[in-house]
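What follows is a short report on a single structure.
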Amino acid sequence: MLRVGVLVTEHTRVFDYAVATEVWGLDRTARGVPPFELRTCSPQGATVPMQPGATCVPDLGLDGLEACDLVVVPGVQYPTRPVHSHVLAALRAAHARGATVASLCSGAFLLAAAGLLKGRRATAHWLDAEGLACRYPDVTVDPNVLFVGDGAVWTSAGVAAGIDLCLHLVRRDHGAAAAAEIARTMVTAPFRPGGQAQFITRPVPTGAGQADRLSELRERVLNDLAHPWTVTEMASLARMSERSFARHFVETTGDTPLQWLLTQRVLAAQHLLEISDLPITAIAGRCGFGTPLTMRHHFTRHVGLPPRDYRRAFGTTTDHAGASGPQV
């Protein structure tokens with residue numbers, strides 16, 4: 001059972017707190033999701049006023065974080081206010097003993113104050129990013145991504161990006177199926193890659209009933225991931241110049257065409273590794289990676305595990321890959 005501690009301090013943002021409790025606080029074991037233990041912790045276990053207009057009664061004090069595998073720090077309304085030394089010490093202790101520490105939105109200021117972001121790449125809501133960079137010059141702040149991390153320390157942009165990071169952490173620890181089931185019950189998208197832009201120029205078609213002009217192309221690509229797609233070919237099918245195609249693609253998805261394509265191939269590979277006993281060589285071909293070694297490179301960089309290890313952790317069938325392909 002994964003133990004998740006949510007650290008609430010004065011003026012914690014209600015939405016961010018609710019995201020963490022929605023992802024890890026509900027029992028979805030009947031739907032195949034692993035059990036979680038969620039702990040809400042505050043300094044001295046005291047009642048905490050949140051923003052806007054709510055109060056949180058925590059389960060435990062800061063000592064409740066000591067046995068947690070994951071510590072989530074929601075955003076706060078006034079991120080530049082001084083943080084109690086006991087809170088900073090608790091965050092440092094969690095990180096030192098190997099727990100994953102993740103902030104949502106302006107919670108990154110607390111991680112930075114604790115020294116956990118020093119020398120790391122981080123993000124926050126785009127409205128807070130400049131302030132974070134100025135206040136903590138030893139942190140490399142990227143205001144253009146949804147979330148970023150390295151396995152031990154994670155930060156996310158604001159509001160909905162917090163959902164993306166939480167689902168990513170579920171996916172990392174429990175597999176794509178568990179994350180997708182949680183997303184389904186939350187009626188939200190199951191996956192947005194962390195490198196996607198924080199906001200999309202035209203997220204909604206402008207005309208009433210008008211379809212995204214590239215949606216048919218994306219569907220065609222998804223139905224034939226094995227094909228060696230190029231930007232030139234996709235632009236031709238969309239009847240656009242390559243420059244115009246690339247610009248419209250980013251405006252409607254937040255990703256470049258090749259970034260989007262790579263993400264879809266990794267997602268397809270995750271799905272097949274979980275539900276099938278296809279050899280890894282076959283999965284690499286079906287998903288358009290060409291060779292198992294190419295798949296291993298991209299899969300490991302995106303997911304954090306090589307394909308074979310991912311299958312061992314999250315697969316539901318016998319792995320026959322060794323019988324007909326390289327050990328990847």
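Chains: A, B, ... in order of the structure tokens. Residues: from 1 per chain. Ligands: from 1, in order shown.
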Show which residues sit within 6 Å of Val4 (chain A), as a list in words. Count only C-alpha atoms, and ignore same-chain residues fewer than 5 positions away.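 Within the cut-off, the hits are Leu38, Cys68, Leu70 and Val71 of chain A.
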Generate a file of the selected residues that holds C-alpha atoms, formatted as a compact mmCIF listing (two decimals), in the first residue's frame.
```txt
# COMPACT_ATOMS: atom_id res chain seq x y z
CA LEU A 38 -3.90 9.07 2.53
CA CYS A 68 4.88 8.21 3.82
CA LEU A 70 5.01 10.20 -1.24
CA VAL A 71 4.61 13.69 0.20
```
Do a neighbour search on Pro82 (chain A) at 12 Å with only C-alpha atoms, toss out local chain neighbours closer than 2 positions, and write the hits as number ranges by chain. A: 9-10, 76, 78-80, 84-88, 109-110, 112-114
Could the residues in this selection be written to a file with C-alpha atoms, as a compact mmCIF listing (two decimals), in the first residue's frame?
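The result, written out as selection_21.txt:
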```txt
# COMPACT_ATOMS: atom_id res chain seq x y z
CA THR A 9 -0.17 24.79 5.82
CA GLU A 10 -1.87 28.11 6.36
CA VAL A 76 -0.47 28.22 -1.16
CA TYR A 78 0.80 33.62 -0.46
CA PRO A 79 3.88 31.69 -1.60
CA THR A 80 6.49 34.28 -0.61
CA HIS A 84 7.78 27.58 9.54
CA SER A 85 11.12 25.88 10.14
CA HIS A 86 9.37 22.69 11.31
CA VAL A 87 7.65 22.41 7.92
CA LEU A 88 10.93 22.83 6.05
CA PHE A 109 8.06 27.77 -3.22
CA LEU A 110 7.97 25.52 -0.14
CA ALA A 112 12.62 25.68 -2.84
CA ALA A 113 12.64 27.16 0.66
CA ALA A 114 13.54 23.70 2.00
```
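Between CA of Ala46 (chain A) and CA of Ala96 (chain A) the separation is 25.0 Å.
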Close residues, region 28-30 of chain A itself excluded, 9 Å, only C-alpha atoms, min 5 positions apart in chain, as a short mmCIF file (atom, residue, chain, number, x, y, z; two decimals) with N, CA and C atoms, in the first residue's frame:
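Listed below is the output, selection-v2.cif:
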```cif
data_model
loop_
_atom_site.label_atom_id
_atom_site.label_comp_id
_atom_site.auth_asym_id
_atom_site.auth_seq_id
_atom_site.Cartn_x
_atom_site.Cartn_y
_atom_site.Cartn_z
N PRO A 35 -4.80 -0.15 -3.38
CA PRO A 35 -5.20 0.64 -2.21
C PRO A 35 -4.14 1.67 -1.83
N GLU A 181 -7.79 4.37 -14.94
CA GLU A 181 -9.04 4.14 -14.21
C GLU A 181 -9.36 5.30 -13.28
N ILE A 182 -8.35 5.83 -12.60
CA ILE A 182 -8.58 7.00 -11.75
C ILE A 182 -9.04 8.18 -12.60
#
```
Once DSSP has gone over the backbone, tell me which residues of region 65-284 of chain A are in alpha helix (DSSP H), as a count of residues only. 105
Which of region 69-243 of chain A DSSP labels strand (DSSP E), written as an MDAnalysis selection string: chainID A and resid 70:73 100:103 121:122 140:141 147:149 153:156
Serialized selection, N, CA and C atoms, as a CSV table (one decimal), in the first residue's frame:
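Saved as again18.csv:
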```csv
chain,number,residue,atom,x,y,z
A,70,LEU,N,5.2,9.0,-0.4
A,70,LEU,CA,5.0,10.2,-1.2
A,70,LEU,C,4.5,11.3,-0.4
A,71,VAL,N,5.1,12.5,-0.5
A,71,VAL,CA,4.6,13.7,0.2
A,71,VAL,C,4.2,14.7,-0.8
A,72,VAL,N,2.9,15.1,-0.8
A,72,VAL,CA,2.4,16.1,-1.8
A,72,VAL,C,2.2,17.4,-1.1
A,73,VAL,N,2.7,18.5,-1.7
A,73,VAL,CA,2.6,19.8,-1.1
A,73,VAL,C,1.8,20.7,-2.1
A,100,THR,N,9.3,10.3,-2.2
A,100,THR,CA,9.1,11.2,-3.3
A,100,THR,C,8.4,12.4,-2.8
A,101,VAL,N,8.8,13.6,-3.2
A,101,VAL,CA,8.2,14.8,-2.7
A,101,VAL,C,7.7,15.6,-4.0
A,102,ALA,N,6.5,16.0,-4.0
A,102,ALA,CA,5.9,16.6,-5.2
A,102,ALA,C,5.1,17.8,-4.8
A,103,SER,N,5.3,18.9,-5.5
A,103,SER,CA,4.5,20.1,-5.2
A,103,SER,C,3.5,20.4,-6.4
A,121,ARG,N,15.7,21.4,-12.1
A,121,ARG,CA,14.7,22.0,-13.0
A,121,ARG,C,13.4,21.9,-12.3
A,122,ALA,N,12.6,23.0,-12.4
A,122,ALA,CA,11.3,23.0,-11.7
A,122,ALA,C,10.4,23.9,-12.5
A,140,THR,N,16.5,26.1,-11.7
A,140,THR,CA,16.2,26.3,-13.1
A,140,THR,C,14.7,26.2,-13.3
A,141,VAL,N,14.0,27.3,-13.4
A,141,VAL,CA,12.6,27.4,-13.5
A,141,VAL,C,12.2,27.4,-15.0
A,147,PHE,N,4.6,19.7,-15.9
A,147,PHE,CA,5.3,19.2,-14.7
A,147,PHE,C,6.6,18.7,-15.1
A,148,VAL,N,7.5,18.6,-14.1
A,148,VAL,CA,8.9,18.2,-14.3
A,148,VAL,C,9.4,17.5,-13.0
A,149,GLY,N,10.3,16.6,-13.2
A,149,GLY,CA,10.9,15.9,-12.0
A,149,GLY,C,11.9,14.9,-12.4
A,153,VAL,N,12.0,14.4,-6.7
A,153,VAL,CA,11.4,15.7,-6.5
A,153,VAL,C,10.7,16.1,-7.7
A,154,TRP,N,9.4,16.4,-7.6
A,154,TRP,CA,8.5,16.8,-8.7
A,154,TRP,C,7.8,18.1,-8.4
A,155,THR,N,7.6,18.9,-9.5
A,155,THR,CA,6.9,20.2,-9.4
A,155,THR,C,5.9,20.2,-10.6
A,156,SER,N,4.8,20.9,-10.4
A,156,SER,CA,3.8,21.0,-11.4
A,156,SER,C,3.4,22.5,-11.6
```
Can you work out which one of A:Leu261, A:Leu146, A:Ala176, A:Met50 has the shortest atom-to-atom distance to Gly162 (chain A), counting only C-alpha atoms? A:Leu146
Kindly indicate which residue among A:Gly64, A:Pro58, A:Gly53, A:Pro279 lies nearest to Arg3 (chain A), using only C-alpha atoms for the distances.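 Of the candidates, the smallest distance to Arg3 (chain A) is held by A:Gly64.
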Have a look at CA of Asp128 (chain A) and CA of Phe15 (chain A) and let me know their distance in Å, one decimal. 16.6 Å
Counting only C-alpha atoms, closest pick from A:Ala180, A:Val57, A:Ile163, A:Ala246 relative to Gln270 (chain A) is A:Ala180
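Nearest residue to Val159 (chain A) among A:Tyr17, A:Tyr136, A:Trp260, A:Trp229 is A:Tyr17, counting only C-alpha atoms.
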Residue nearest Val145 (chain A) - candidates A:Gly25, A:Gly5, A:Gly254, A:Gly75, atoms counted: only C-alpha atoms: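 Going through A:Gly25, A:Gly5, A:Gly254, A:Gly75 one by one, the smallest distance to Val145 (chain A) is for A:Gly254.
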So which residues touch Asp309 (chain A) within 10 Å, counting only C-alpha atoms, skipping near sequence neighbours fewer than 5 positions away, as a list in words?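 Once the nearby chain positions are removed, what remains is Leu273, Thr300, Gly304, Phe314, Gly315 and Val328 of chain A.
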Now that the selection is made, can you save its residues with all heavy atoms as a JSON list (two decimals), in the first residue's frame?
```json
[["chain", "number", "residue", "atom", "x", "y", "z"],
["A", 273, "LEU", "N", 2.22, -3.78, -23.23],
["A", 273, "LEU", "CA", 3.04, -4.46, -22.22],
["A", 273, "LEU", "C", 2.20, -4.90, -21.03],
["A", 273, "LEU", "O", 2.48, -5.92, -20.40],
["A", 273, "LEU", "CB", 4.17, -3.54, -21.76],
["A", 273, "LEU", "CG", 5.31, -3.32, -22.75],
["A", 273, "LEU", "CD1", 6.19, -2.16, -22.31],
["A", 273, "LEU", "CD2", 6.14, -4.59, -22.93],
["A", 300, "THR", "N", 12.16, 4.11, -21.83],
["A", 300, "THR", "CA", 12.82, 4.34, -20.54],
["A", 300, "THR", "C", 12.88, 5.82, -20.21],
["A", 300, "THR", "O", 12.68, 6.23, -19.07],
["A", 300, "THR", "CB", 14.23, 3.73, -20.55],
["A", 300, "THR", "OG1", 14.14, 2.34, -20.88],
["A", 300, "THR", "CG2", 14.90, 3.88, -19.20],
["A", 304, "GLY", "N", 10.55, 5.84, -17.25],
["A", 304, "GLY", "CA", 11.43, 5.65, -16.11],
["A", 304, "GLY", "C", 11.83, 4.21, -15.88],
["A", 304, "GLY", "O", 12.65, 3.93, -14.99],
["A", 314, "PHE", "N", 3.88, -4.37, -14.12],
["A", 314, "PHE", "CA", 2.48, -4.04, -14.37],
["A", 314, "PHE", "C", 1.75, -4.98, -15.33],
["A", 314, "PHE", "O", 0.55, -4.84, -15.53],
["A", 314, "PHE", "CB", 2.38, -2.60, -14.92],
["A", 314, "PHE", "CG", 3.03, -1.58, -14.05],
["A", 314, "PHE", "CD1", 4.11, -0.85, -14.49],
["A", 314, "PHE", "CD2", 2.56, -1.36, -12.76],
["A", 314, "PHE", "CE1", 4.72, 0.10, -13.68],
["A", 314, "PHE", "CE2", 3.15, -0.42, -11.94],
["A", 314, "PHE", "CZ", 4.24, 0.31, -12.39],
["A", 315, "GLY", "N", 2.48, -5.93, -15.90],
["A", 315, "GLY", "CA", 1.84, -6.84, -16.85],
["A", 315, "GLY", "C", 0.88, -7.80, -16.17],
["A", 315, "GLY", "O", 1.06, -8.19, -15.01],
["A", 328, "VAL", "N", 15.15, -6.53, -23.57],
["A", 328, "VAL", "CA", 15.06, -5.09, -23.42],
["A", 328, "VAL", "C", 14.14, -4.72, -22.28],
["A", 328, "VAL", "O", 13.99, -3.56, -21.97],
["A", 328, "VAL", "CB", 14.62, -4.40, -24.73],
["A", 328, "VAL", "CG1", 15.64, -4.61, -25.81],
["A", 328, "VAL", "CG2", 13.26, -4.89, -25.17]]
```
For Ile275 (chain A), please output as an MDAnalysis selection string all residues within 8 Å (counting only C-alpha atoms; exclusion window: fewer than 2 positions along the same chain). chainID A and resid 271:273 277 315:317
Counting only C-alpha atoms, which residue out of A:Arg92, A:Arg81, A:Ala161, A:Glu66 sits closest to Arg135 (chain A)?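 Under the stated criterion, the closest residue is A:Arg81.
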I want to know what sits within 10 Å of Asp173 (chain A), based on only C-alpha atoms, with residues of the same chain fewer than 4 positions away left out; could you give that as a VMD selection string? chain A and resid 2 167 to 169 178 to 179 313 to 314
Only N, CA and C atoms, please: the residues just picked out, written as a tab-separated table (two decimals), in the first residue's frame.
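Generated output (selection34.tsv):
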```
chain	number	residue	atom	x	y	z
A	2	LEU	N	0.60	2.14	-0.91
A	2	LEU	CA	1.33	3.39	-0.97
A	2	LEU	C	0.77	4.35	0.07
A	167	LEU	N	-1.57	12.04	-11.60
A	167	LEU	CA	-1.82	10.85	-12.42
A	167	LEU	C	-0.51	10.27	-12.94
A	168	HIS	N	0.45	11.13	-13.25
A	168	HIS	CA	1.75	10.64	-13.69
A	168	HIS	C	2.42	9.82	-12.59
A	169	LEU	N	2.33	10.29	-11.35
A	169	LEU	CA	2.95	9.56	-10.24
A	169	LEU	C	2.25	8.23	-9.99
A	178	ALA	N	-3.96	1.66	-13.89
A	178	ALA	CA	-4.45	2.27	-12.65
A	178	ALA	C	-4.68	3.77	-12.83
A	179	ALA	N	-3.72	4.44	-13.48
A	179	ALA	CA	-3.87	5.87	-13.71
A	179	ALA	C	-5.06	6.16	-14.61
A	313	ALA	N	6.49	-5.39	-13.72
A	313	ALA	CA	5.81	-4.66	-12.65
A	313	ALA	C	4.31	-4.56	-12.87
A	314	PHE	N	3.88	-4.37	-14.12
A	314	PHE	CA	2.48	-4.04	-14.37
A	314	PHE	C	1.75	-4.98	-15.33
```
Atom-to-atom span, CA of Leu165 (chain A) and CA of Gly194 (chain A), Å: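 Going from CA of Leu165 (chain A) over to CA of Gly194 (chain A), I get 7.5 Å.
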